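final-v4.txt follows; it contains compact mmCIF, C-alpha atoms.
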```txt
# COMPACT_ATOMS: atom_id res chain seq x y z
CA MET A 13 6.14 -24.09 4.69
CA THR A 14 7.42 -26.73 7.12
CA ASP A 15 10.96 -27.83 7.97
CA LEU A 16 11.67 -31.44 7.20
CA PRO A 17 13.77 -33.54 9.55
CA ASP A 18 16.56 -34.54 7.19
CA PRO A 19 17.53 -32.58 4.07
CA ARG A 20 19.03 -35.74 2.58
CA SER A 21 15.80 -37.71 2.93
CA PRO A 22 13.78 -38.58 -0.19
CA GLU A 23 10.78 -36.71 1.28
CA TYR A 24 12.78 -33.51 1.62
CA LEU A 25 14.22 -33.81 -1.89
CA ALA A 26 10.76 -34.47 -3.33
CA GLN A 27 9.33 -31.48 -1.47
CA ARG A 28 12.22 -29.30 -2.65
CA ARG A 29 11.71 -30.36 -6.26
CA LYS A 30 7.98 -29.57 -5.92
CA VAL A 31 8.65 -26.07 -4.60
CA ILE A 32 11.15 -25.31 -7.36
CA ARG A 33 8.78 -26.70 -10.02
CA GLN A 34 5.97 -24.49 -8.71
CA ARG A 35 8.27 -21.46 -8.79
CA ASN A 36 9.27 -22.22 -12.36
CA VAL A 37 5.64 -22.63 -13.42
CA ALA A 38 4.71 -19.34 -11.71
CA LEU A 39 7.62 -17.53 -13.40
CA GLY A 40 6.65 -19.02 -16.76
CA LEU A 41 3.05 -17.86 -16.38
CA VAL A 42 4.17 -14.34 -15.43
CA LEU A 43 6.56 -14.12 -18.38
CA GLY A 44 3.89 -15.48 -20.73
CA PHE A 45 1.41 -12.92 -19.42
CA PHE A 46 3.87 -10.09 -20.02
CA ALA A 47 4.61 -11.33 -23.54
CA LEU A 48 0.86 -11.18 -24.28
CA LEU A 49 0.62 -7.77 -22.61
CA PHE A 50 3.40 -6.37 -24.79
CA PHE A 51 1.55 -7.58 -27.90
CA ALA A 52 -1.64 -5.95 -26.62
CA ILE A 53 0.17 -2.68 -25.81
CA THR A 54 1.73 -2.62 -29.27
CA ILE A 55 -1.68 -3.04 -30.91
CA ALA A 56 -3.23 -0.42 -28.60
CA LYS A 57 -0.50 2.08 -29.43
CA MET A 58 -1.01 1.47 -33.16
CA ASP A 59 -4.69 2.35 -32.79
CA LEU A 60 -3.87 5.76 -31.28
CA MET B 26 19.33 -31.10 16.53
CA THR B 27 21.94 -30.56 13.80
CA GLN B 28 22.06 -27.61 11.42
CA ALA B 29 21.16 -29.89 8.52
CA ALA B 30 18.06 -31.06 10.36
CA THR B 31 16.62 -27.52 10.42
CA LEU B 32 17.39 -26.64 6.81
CA PRO B 33 14.24 -24.97 5.46
CA LEU B 34 12.82 -25.51 2.03
CA PRO B 35 13.52 -22.81 -0.57
CA ALA B 36 11.05 -19.92 -0.79
CA ASP B 37 8.10 -20.72 -3.01
CA TRP B 38 6.01 -18.37 -5.17
CA ARG B 39 3.68 -17.56 -2.28
CA ASP B 40 6.60 -16.09 -0.34
CA PHE B 41 7.46 -13.79 -3.24
CA TYR B 42 3.79 -12.82 -3.51
CA GLN B 43 3.72 -12.05 0.23
CA LEU B 44 6.71 -9.72 -0.23
CA THR B 45 4.50 -7.42 -2.31
CA LYS B 46 2.14 -6.82 0.67
CA PRO B 47 -0.98 -7.76 -1.35
CA ARG B 48 -3.47 -6.40 1.22
CA VAL B 49 -1.88 -2.95 1.22
CA MET B 50 -1.67 -3.13 -2.55
CA THR B 51 -5.44 -3.55 -2.81
CA LEU B 52 -5.96 0.01 -1.63
CA VAL B 53 -3.15 1.28 -3.86
CA ILE B 54 -4.65 -0.41 -6.93
CA PHE B 55 -8.14 0.77 -6.09
CA THR B 56 -7.26 4.47 -5.63
CA GLY B 57 -5.08 4.44 -8.75
CA LEU B 58 -7.83 2.76 -10.79
CA CYS B 59 -10.53 5.14 -9.52
CA ALA B 60 -8.43 8.20 -10.38
CA LEU B 61 -7.83 6.75 -13.84
CA LEU B 62 -11.58 6.19 -14.33
CA ALA B 63 -12.56 9.59 -12.90
CA ALA B 64 -10.03 11.66 -14.85
CA PRO B 65 -11.42 13.79 -17.67
CA GLY B 66 -10.52 12.19 -20.98
CA SER B 67 -10.20 8.64 -22.17
CA ILE B 68 -7.56 5.97 -22.34
CA ASN B 69 -7.38 2.74 -24.31
CA PRO B 70 -8.51 -0.06 -21.94
CA VAL B 71 -5.30 -2.03 -22.53
CA LEU B 72 -3.19 1.02 -21.68
CA GLY B 73 -5.40 1.78 -18.67
CA PHE B 74 -4.94 -1.79 -17.45
CA THR B 75 -1.19 -1.50 -18.03
CA ALA B 76 -1.04 1.76 -16.04
CA VAL B 77 -2.83 0.20 -13.05
CA LEU B 78 -0.67 -2.93 -13.34
CA CYS B 79 2.49 -0.78 -13.29
CA ILE B 80 1.22 1.08 -10.20
CA ALA B 81 0.56 -2.28 -8.50
CA VAL B 82 3.90 -3.82 -9.52
CA GLY B 83 5.78 -0.66 -8.51
CA ALA B 84 4.04 -0.71 -5.11
CA GLY B 85 4.89 -4.41 -4.80
CA GLY B 86 8.53 -3.67 -5.59
CA ALA B 87 8.66 -0.93 -2.95
CA ALA B 88 7.04 -3.31 -0.44
CA ALA B 89 9.63 -6.02 -1.20
CA LEU B 90 12.41 -3.48 -0.58
CA ASN B 91 10.68 -2.61 2.71
CA HIS B 92 10.73 -6.34 3.66
CA TRP B 93 14.44 -6.51 2.78
CA TRP B 94 15.39 -3.45 4.84
CA GLU B 95 13.18 -4.16 7.86
CA ALA B 96 13.85 -7.90 8.21
CA ASP B 97 15.49 -7.42 11.65
CA ILE B 98 12.62 -5.23 12.89
CA ASP B 99 10.05 -7.69 11.52
CA ALA B 100 11.71 -10.52 13.44
CA GLY B 101 11.03 -8.69 16.69
CA MET B 102 7.31 -8.08 16.16
CA ARG B 103 4.64 -10.75 16.59
CA ARG B 104 2.62 -9.30 13.70
CA THR B 105 5.52 -9.58 11.22
CA GLN B 106 7.79 -12.40 12.43
CA SER B 107 6.20 -14.96 10.11
CA ARG B 108 7.15 -12.93 7.02
CA PRO B 109 9.40 -14.77 4.51
CA ILE B 110 12.77 -13.30 5.61
CA PRO B 111 12.46 -13.31 9.43
CA SER B 112 10.99 -16.82 9.32
CA GLY B 113 14.09 -18.03 7.46
CA ARG B 114 12.28 -19.08 4.29
CA MET B 115 14.03 -16.50 2.11
CA GLU B 116 17.45 -14.86 1.82
CA ARG B 117 17.46 -11.08 2.32
CA THR B 118 19.23 -10.53 -1.01
CA ALA B 119 16.47 -12.41 -2.84
CA ALA B 120 13.89 -9.91 -1.51
CA ARG B 121 16.15 -6.98 -2.45
CA ASP B 122 16.72 -8.26 -6.01
CA PHE B 123 13.01 -9.04 -6.41
CA GLY B 124 12.10 -5.52 -5.21
CA ILE B 125 14.60 -3.82 -7.52
CA GLY B 126 13.44 -5.96 -10.45
CA LEU B 127 9.75 -5.13 -9.94
CA SER B 128 10.49 -1.43 -9.39
CA VAL B 129 12.69 -0.95 -12.45
CA GLY B 130 10.41 -3.09 -14.62
CA SER B 131 7.24 -1.22 -13.64
CA VAL B 132 8.81 2.21 -14.28
CA LEU B 133 10.17 1.15 -17.67
CA VAL B 134 6.86 -0.35 -18.84
CA MET B 135 4.96 2.70 -17.55
CA GLY B 136 7.32 5.01 -19.44
CA LEU B 137 7.24 3.08 -22.69
CA ALA B 138 3.51 2.28 -22.72
CA ILE B 139 1.89 5.26 -20.97
CA GLY B 140 4.24 8.23 -20.67
CA TRP B 141 7.35 9.37 -18.93
CA LEU B 142 5.62 11.83 -16.56
CA ALA B 143 3.56 8.99 -15.08
CA ALA B 144 6.74 6.84 -15.02
CA ALA B 145 8.69 9.60 -13.23
CA LEU B 146 5.93 9.93 -10.61
CA LEU B 147 5.91 6.14 -10.16
CA ALA B 148 9.71 6.08 -9.77
CA PHE B 149 9.55 8.93 -7.25
CA SER B 150 6.81 7.19 -5.26
CA ILE B 151 8.90 3.98 -5.06
CA VAL B 152 12.00 5.91 -3.90
CA TYR B 153 9.79 7.89 -1.49
CA TYR B 154 8.47 4.70 0.14
CA ALA B 155 11.59 2.52 0.02
CA VAL B 156 14.21 5.18 0.86
CA ILE B 157 12.63 8.32 2.34
CA TYR B 158 10.05 6.47 4.46
CA THR B 159 11.52 3.01 5.17
CA ILE B 160 15.22 3.77 5.46
CA TRP B 161 15.27 7.42 6.54
CA LEU B 162 12.14 8.56 8.37
CA LYS B 163 10.57 5.48 9.99
CA PRO B 164 13.41 4.71 12.42
CA ARG B 165 14.16 8.40 13.16
CA THR B 166 11.05 10.46 13.79
CA PRO B 167 7.54 9.98 15.16
CA GLN B 168 6.42 12.12 12.20
CA ASN B 169 7.40 9.17 9.95
CA ILE B 170 3.78 8.38 9.14
CA VAL B 171 2.89 12.01 8.33
CA ILE B 172 5.63 12.55 5.76
CA GLY B 173 5.86 8.93 4.66
CA GLY B 174 2.12 8.93 4.02
CA GLY B 175 2.96 10.79 0.81
CA ALA B 176 4.14 7.48 -0.67
CA GLY B 177 0.67 5.97 -0.44
CA ALA B 178 -0.87 9.12 -1.86
CA PHE B 179 0.85 8.83 -5.24
CA PRO B 180 -1.31 6.15 -6.96
CA PRO B 181 -4.29 8.46 -7.75
CA LEU B 182 -1.88 11.10 -9.00
CA ILE B 183 -0.21 8.56 -11.29
CA GLY B 184 -3.54 7.12 -12.45
CA TRP B 185 -4.82 10.60 -13.28
CA VAL B 186 -1.64 11.60 -15.13
CA ALA B 187 -1.82 8.35 -17.13
CA VAL B 188 -5.05 9.68 -18.68
CA THR B 189 -4.53 13.45 -18.87
CA GLY B 190 -0.76 13.61 -19.28
CA ASP B 191 -0.39 16.53 -16.86
CA VAL B 192 -0.64 17.37 -13.18
CA THR B 193 -3.61 19.64 -12.41
CA LEU B 194 -5.38 20.77 -9.23
CA MET B 195 -7.74 17.77 -8.91
CA PRO B 196 -5.07 15.01 -8.68
CA ILE B 197 -3.16 17.17 -6.20
CA VAL B 198 -6.34 17.37 -4.07
CA LEU B 199 -6.73 13.57 -4.27
CA PHE B 200 -3.08 13.23 -3.24
CA SER B 201 -3.73 15.59 -0.30
CA ILE B 202 -6.82 13.64 0.82
CA ILE B 203 -4.81 10.40 1.15
CA PHE B 204 -1.91 12.34 2.70
CA MET B 205 -4.27 13.75 5.36
CA TRP B 206 -6.04 10.38 5.82
CA THR B 207 -2.84 8.40 6.49
CA PRO B 208 -1.88 9.67 10.00
CA PRO B 209 -5.23 8.92 11.70
CA HIS B 210 -5.42 5.59 9.84
CA PHE B 211 -1.98 4.40 11.01
CA TRP B 212 -2.07 5.99 14.46
CA ALA B 213 -5.39 4.27 15.19
CA LEU B 214 -3.60 0.98 14.33
CA ALA B 215 -0.54 2.00 16.36
CA LEU B 216 -2.75 2.62 19.40
CA PHE B 217 -3.76 -1.04 19.53
CA VAL B 218 -0.45 -2.60 18.42
CA GLN B 219 1.63 -0.14 20.44
CA THR B 220 3.58 -2.70 22.47
CA ASP B 221 5.01 -4.31 19.33
CA TYR B 222 6.37 -1.04 17.92
CA ALA B 223 7.82 -0.09 21.30
CA LYS B 224 9.61 -3.45 21.56
CA VAL B 225 11.60 -2.93 18.33
CA GLY B 226 12.30 0.76 18.97
CA ILE B 227 10.27 2.25 16.13
CA PRO B 228 9.35 5.79 17.20
CA MET B 229 5.65 5.62 16.46
CA MET B 230 3.72 8.58 17.79
CA PRO B 231 2.05 6.73 20.73
CA VAL B 232 5.48 5.45 21.83
CA VAL B 233 7.29 8.81 21.68
CA ALA B 234 4.67 11.53 22.28
CA GLY B 235 2.30 9.43 24.35
CA GLU B 236 -1.26 8.27 23.78
CA ALA B 237 -2.92 11.54 24.73
CA SER B 238 -0.94 13.54 22.17
CA THR B 239 -1.58 10.90 19.47
CA ARG B 240 -5.31 10.99 20.15
CA ARG B 241 -5.35 14.80 19.84
CA GLN B 242 -3.44 14.65 16.57
CA ILE B 243 -5.82 12.01 15.16
CA LEU B 244 -8.63 14.45 15.88
CA VAL B 245 -6.80 17.37 14.21
CA TYR B 246 -6.13 15.40 11.02
CA ALA B 247 -9.72 14.11 10.87
CA ALA B 248 -11.02 17.67 11.31
CA LEU B 249 -8.80 18.88 8.45
CA LEU B 250 -9.83 15.92 6.27
CA LEU B 251 -13.52 16.87 6.34
CA PRO B 252 -13.23 20.21 4.44
CA LEU B 253 -10.41 18.88 2.27
CA SER B 254 -12.53 15.95 1.08
CA LEU B 255 -15.15 18.46 -0.15
CA VAL B 256 -12.70 20.53 -2.23
CA PRO B 257 -13.28 18.38 -5.39
CA CYS B 258 -16.85 19.77 -5.43
CA LEU B 259 -15.41 23.28 -5.92
CA ILE B 260 -13.40 22.29 -8.99
CA PRO B 261 -15.22 22.59 -12.37
CA PHE B 262 -16.35 19.36 -14.05
CA ALA B 263 -14.25 20.11 -17.12
CA GLN B 264 -11.14 20.10 -14.94
CA GLY B 265 -12.11 16.81 -13.33
CA GLY B 266 -14.04 18.22 -10.37
CA ALA B 267 -16.85 16.33 -8.65
CA GLY B 268 -20.60 16.87 -8.20
CA TRP B 269 -23.29 16.22 -5.63
CA ILE B 270 -22.95 12.40 -5.55
CA TYR B 271 -19.35 12.68 -4.46
CA GLY B 272 -20.17 15.64 -2.20
CA LEU B 273 -22.89 13.67 -0.38
CA ALA B 274 -20.64 10.61 0.02
CA ALA B 275 -17.70 12.73 1.19
CA SER B 276 -19.89 14.54 3.76
CA VAL B 277 -21.22 11.29 5.23
CA LEU B 278 -17.90 9.44 5.16
CA SER B 279 -15.81 12.35 6.50
CA GLY B 280 -18.51 13.15 9.09
CA GLY B 281 -18.38 9.53 10.31
CA PHE B 282 -14.58 9.65 10.30
CA LEU B 283 -14.63 12.82 12.41
CA LEU B 284 -17.18 11.42 14.88
CA LEU B 285 -15.13 8.25 15.42
CA SER B 286 -11.99 10.39 15.73
CA ILE B 287 -13.69 12.55 18.39
CA ARG B 288 -14.50 9.37 20.35
CA VAL B 289 -10.87 8.24 20.07
CA GLY B 290 -9.50 11.75 20.65
CA LEU B 291 -11.43 12.45 23.85
CA ARG B 292 -11.29 9.05 25.56
CA ARG B 293 -8.68 7.69 27.95
CA PRO B 294 -8.14 3.91 28.06
CA THR B 295 -9.40 2.33 31.25
CA GLY B 296 -6.38 0.06 31.68
CA PRO B 297 -4.86 -3.18 30.39
CA ASP B 298 -8.30 -4.75 30.12
CA ASP B 299 -9.49 -2.03 27.71
CA THR B 300 -10.42 -3.65 24.39
CA LEU B 301 -9.70 -0.37 22.50
CA LYS B 302 -12.89 -0.85 20.52
CA PRO B 303 -13.23 2.79 19.35
CA GLU B 304 -9.63 2.73 18.06
CA LYS B 305 -10.33 -0.48 16.13
CA GLN B 306 -13.59 0.96 14.79
CA LEU B 307 -11.76 4.08 13.58
CA PHE B 308 -9.13 1.95 11.86
CA PHE B 309 -11.70 -0.16 10.02
CA TRP B 310 -13.81 2.89 9.14
CA SER B 311 -10.70 4.54 7.70
CA ILE B 312 -10.28 1.61 5.29
CA ILE B 313 -13.94 1.71 4.24
CA TYR B 314 -13.65 5.51 3.98
CA LEU B 315 -11.00 5.51 1.30
CA PHE B 316 -12.63 2.74 -0.75
CA ALA B 317 -16.05 4.41 -0.62
CA LEU B 318 -14.76 7.94 -1.26
CA PHE B 319 -12.92 6.96 -4.43
CA ALA B 320 -15.80 4.74 -5.58
CA ALA B 321 -18.11 7.77 -5.17
CA LEU B 322 -15.72 9.87 -7.25
CA VAL B 323 -16.00 7.41 -10.14
CA ALA B 324 -19.80 7.07 -9.78
CA ASP B 325 -20.10 10.86 -9.76
CA ARG B 326 -18.05 11.26 -12.92
CA TRP B 327 -19.81 8.46 -14.80
CA ILE B 328 -23.35 9.48 -13.80
CA LEU B 329 -23.15 13.27 -13.80
CA ALA B 330 -20.56 13.96 -16.47
CA PRO B 331 -20.40 11.01 -18.88
CA GLY B 332 -18.13 11.66 -21.82
CA LEU B 333 -16.27 14.55 -20.21
```
Kindly transcribe the structure held in the file into structure tokens.
Amino acid sequence: MTDLPDPRSPEYLAQRRKVIRQRNVALGLVLGFFALLFFAITIAKMDL
Amino acid sequence: MTQAATLPLPADWRDFYQLTKPRVMTLVIFTGLCALLAAPGSINPVLGFTAVLCIAVGAGGAAALNHWWEADIDAGMRRTQSRPIPSGRMERTAARDFGIGLSVGSVLVMGLAIGWLAAALLAFSIVYYAVIYTIWLKPRTPQNIVIGGGAGAFPPLIGWVAVTGDVTLMPIVLFSIIFMWTPPHFWALALFVQTDYAKVGIPMMPVVAGEASTRRQILVYAALLLPLSLVPCLIPFAQGGAGWIYGLAASVLSGGFLLLSIRVGLRRPTGPDDTLKPEKQLFFWSIIYLFALFAALVADRWILAPGL
């Protein structure tokens, strides 16, 4: 990750938005995965 | 240059991933998975996957707490100064909250999905690593690696308990093997990154007791590891013991480990130009050792005692 020269510049703001968007996507994927996992665990426990 | 001009971007997902020490976690996941596969009995694949995932996430949480606590130390070592906190990409509190979140979450899921004994062992292993090792022992005693090595020895115990539901002799032996393996593994590394540890005042064995003493102790632990690694062959199959495939692999791997340790134990570095090749070879062999030993345990169980 690189430091940008001016935090008020459009490049910095665009880069910042990109990082936050990527974080949100990653968090969403993790939460979605765990939601699926909980369904799978529930089904697996019912089989026992 | 103004303060605003050096404002870094917020931490991205890769920084959070790096907090979990993914390379260390590989070994943790592998030993936990192998114990789960080698344990007598069966487990639903989804639950088995969940157990290994909880071990990995718990280890990641403990690693994030280690990053949070050791940020100042990391800043002083070349090997660690590019980590998310010392490099300024992440707030310390973010690493702490992330670590606590992963730790609590992994223990809860383990308890609800697998069982509370496995969850209790996972919780204890996280506290052992984050508090007993990182906060208490590491900055205080050169024996930090010996006692703290217990933290890395928990995954096979947890994986085994996830299947059987109880702690028997075999998982304790697997725990002991990793416990005995840890000091020579880390001290071999400490011998060739010694200057970094000395700079930040961490009392690693080579810094406090000297190289000669560390080399002798590496040899002692490797000599003890050889017979210990063969103990699984003495345990009956029905109780999870191992057969000749594991025995052969353990003999070769532990024999190699001992030979490399003898080379490291008996040699004296020639000076600043010494490349420390035997120390590096021992370190890399120690990584291969643990992977191969646990892989042999699974192969042994699946080939010689399928269905048990």
(request) Please return, as a list in words, all residues of chain A lying within 7 Å of chain B when all atoms listed in the file are considered. (result)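 Listing them in order of chain and number gives Asp15, Pro17, Asp18, Pro19, Arg28, Val31, Arg35, Ala38, Ala52, Ile53 and Ala56 of chain A.
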Set the distance at 10 Å and use all atoms listed in the file: which residues neighbour Gly173 of chain B once local chain neighbours fewer than 2 positions away are removed? I'd like the list as an mmCIF file with C-alpha atoms, keeping the file's coordinate frame.
```cif
data_model
loop_
_atom_site.group_PDB
_atom_site.id
_atom_site.type_symbol
_atom_site.label_atom_id
_atom_site.label_comp_id
_atom_site.auth_asym_id
_atom_site.auth_seq_id
_atom_site.Cartn_x
_atom_site.Cartn_y
_atom_site.Cartn_z
ATOM 1 C CA TYR B 153 9.790 7.890 -1.490
ATOM 2 C CA TYR B 154 8.470 4.700 0.140
ATOM 3 C CA ALA B 155 11.590 2.520 0.020
ATOM 4 C CA VAL B 156 14.210 5.180 0.860
ATOM 5 C CA ILE B 157 12.630 8.320 2.340
ATOM 6 C CA TYR B 158 10.050 6.470 4.460
ATOM 7 C CA THR B 159 11.520 3.010 5.170
ATOM 8 C CA TRP B 161 15.270 7.420 6.540
ATOM 9 C CA LEU B 162 12.140 8.560 8.370
ATOM 10 C CA LYS B 163 10.570 5.480 9.990
ATOM 11 C CA GLN B 168 6.420 12.120 12.200
ATOM 12 C CA ASN B 169 7.400 9.170 9.950
ATOM 13 C CA ILE B 170 3.780 8.380 9.140
ATOM 14 C CA VAL B 171 2.890 12.010 8.330
ATOM 15 C CA GLY B 175 2.960 10.790 0.810
ATOM 16 C CA ALA B 176 4.140 7.480 -0.670
ATOM 17 C CA GLY B 177 0.670 5.970 -0.440
ATOM 18 C CA ALA B 178 -0.870 9.120 -1.860
ATOM 19 C CA PHE B 204 -1.910 12.340 2.700
ATOM 20 C CA THR B 207 -2.840 8.400 6.490
ATOM 21 C CA PRO B 208 -1.880 9.670 10.000
#
```
(request) Would you work out the distance separating atom CA of Lys302 of chain B from atom CA of Leu251 of chain B, expressed in Å to one decimal? (result)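 Atom CA of Leu251 of chain B lies at a distance of 22.7 Å from atom CA of Lys302 of chain B.
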(request) Can you pull out every residue within 8 Å of segment 56-61 of chain B, counting all atoms listed in the file, but drop anything in the same chain fewer than 5 positions away, and send it as a list of chain:residue names? (result) B:Gly73, B:Val77, B:Ile80, B:Pro180, B:Pro181, B:Leu182, B:Ile183, B:Gly184, B:Trp185, B:Val186, B:Ala187, B:Val188, B:Pro196, B:Leu315, B:Phe316, B:Phe319, B:Ala320, B:Leu322, B:Val323
(request) Give me the residues within 8 Å of Leu253 of chain B as a list in words, counting all atoms listed in the file and dropping any in the same chain fewer than 4 places off. (result)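 Returned residues: Val198, Ser201, Ile202 and Leu249 of chain B.
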Quick one: 6 Å padding each side, axis-aligned, all listed atoms of segment 46-59 of chain A - centre and edge lengths in Å to one decimal, as lines of an AutoDock Vina configuration file?
```
center_x = 0.0
center_y = -4.5
center_z = -26.6
size_x = 21.3
size_y = 25.7
size_z = 25.1
```
(message) For a test of reading the model, state the distance in Å between atom CA of Pro257 of chain B and atom CA of Leu214 of chain B, rounded to one decimal.
(response)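 So the answer is 28.0 Å.
Between atom CA of Met115 of chain B and atom CA of Ala26 of chain A there is a distance of 19.1 Å.
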(message) Counting all atoms listed in the file, which residue out of B:Glu304, B:Leu62, B:Gly124, B:Phe55 sits closest to Tyr42 of chain B?
(response) B:Gly124
(request) For each of B:Arg108, B:Val256, B:Ala84, B:Met135, take the minimum atom-to-atom distance to Phe50 of chain A, counting all atoms listed in the file, then give the residue where this is smallest. (result)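 Smallest separation from Phe50 of chain A among the options: B:Met135.
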Could you please fill out segment 49-67 of chain B with N, CA, C and O atoms and send it back as a compact mmCIF listing (two decimals), keeping the file's coordinate frame?
```txt
# COMPACT_ATOMS: atom_id res chain seq x y z
N VAL B 49 -2.11 -4.39 1.35
CA VAL B 49 -1.88 -2.95 1.22
C VAL B 49 -2.06 -2.53 -0.24
O VAL B 49 -2.61 -1.48 -0.56
N MET B 50 -1.60 -3.44 -1.12
CA MET B 50 -1.67 -3.13 -2.55
C MET B 50 -3.10 -2.98 -3.05
O MET B 50 -3.36 -2.24 -4.01
N THR B 51 -4.04 -3.65 -2.40
CA THR B 51 -5.44 -3.55 -2.81
C THR B 51 -5.90 -2.09 -2.81
O THR B 51 -6.54 -1.62 -3.76
N LEU B 52 -5.56 -1.39 -1.75
CA LEU B 52 -5.96 0.01 -1.63
C LEU B 52 -5.24 0.88 -2.66
O LEU B 52 -5.82 1.78 -3.27
N VAL B 53 -3.97 0.55 -2.88
CA VAL B 53 -3.15 1.28 -3.86
C VAL B 53 -3.75 1.12 -5.26
O VAL B 53 -3.93 2.10 -6.00
N ILE B 54 -4.08 -0.13 -5.61
CA ILE B 54 -4.65 -0.41 -6.93
C ILE B 54 -5.99 0.30 -7.07
O ILE B 54 -6.28 0.93 -8.09
N PHE B 55 -6.80 0.21 -6.02
CA PHE B 55 -8.14 0.77 -6.09
C PHE B 55 -8.12 2.30 -6.29
O PHE B 55 -8.84 2.83 -7.14
N THR B 56 -7.30 3.00 -5.50
CA THR B 56 -7.26 4.47 -5.63
C THR B 56 -6.68 4.88 -6.98
O THR B 56 -7.15 5.84 -7.60
N GLY B 57 -5.67 4.14 -7.43
CA GLY B 57 -5.08 4.44 -8.75
C GLY B 57 -6.09 4.22 -9.87
O GLY B 57 -6.24 5.04 -10.78
N LEU B 58 -6.83 3.10 -9.77
CA LEU B 58 -7.83 2.76 -10.79
C LEU B 58 -8.97 3.80 -10.79
O LEU B 58 -9.40 4.25 -11.86
N CYS B 59 -9.43 4.17 -9.60
CA CYS B 59 -10.53 5.14 -9.52
C CYS B 59 -10.12 6.49 -10.11
O CYS B 59 -10.90 7.12 -10.83
N ALA B 60 -8.90 6.92 -9.82
CA ALA B 60 -8.43 8.20 -10.38
C ALA B 60 -8.37 8.11 -11.90
O ALA B 60 -8.73 9.05 -12.61
N LEU B 61 -7.92 6.96 -12.39
CA LEU B 61 -7.83 6.75 -13.84
C LEU B 61 -9.22 6.81 -14.48
O LEU B 61 -9.41 7.37 -15.56
N LEU B 62 -10.21 6.22 -13.79
CA LEU B 62 -11.58 6.19 -14.33
C LEU B 62 -12.28 7.54 -14.18
O LEU B 62 -13.17 7.88 -14.96
N ALA B 63 -11.88 8.32 -13.16
CA ALA B 63 -12.56 9.59 -12.90
C ALA B 63 -11.91 10.77 -13.64
O ALA B 63 -12.50 11.85 -13.70
N ALA B 64 -10.74 10.56 -14.18
CA ALA B 64 -10.03 11.66 -14.85
C ALA B 64 -10.76 12.06 -16.13
O ALA B 64 -11.31 11.20 -16.82
N PRO B 65 -10.77 13.36 -16.42
CA PRO B 65 -11.42 13.79 -17.67
C PRO B 65 -10.58 13.33 -18.86
O PRO B 65 -9.38 13.53 -18.89
N GLY B 66 -11.24 12.72 -19.82
CA GLY B 66 -10.52 12.19 -20.98
C GLY B 66 -10.72 10.70 -21.06
O GLY B 66 -11.47 10.12 -20.27
N SER B 67 -10.05 10.09 -22.02
CA SER B 67 -10.20 8.64 -22.17
C SER B 67 -8.84 8.01 -22.40
O SER B 67 -7.90 8.67 -22.82
```
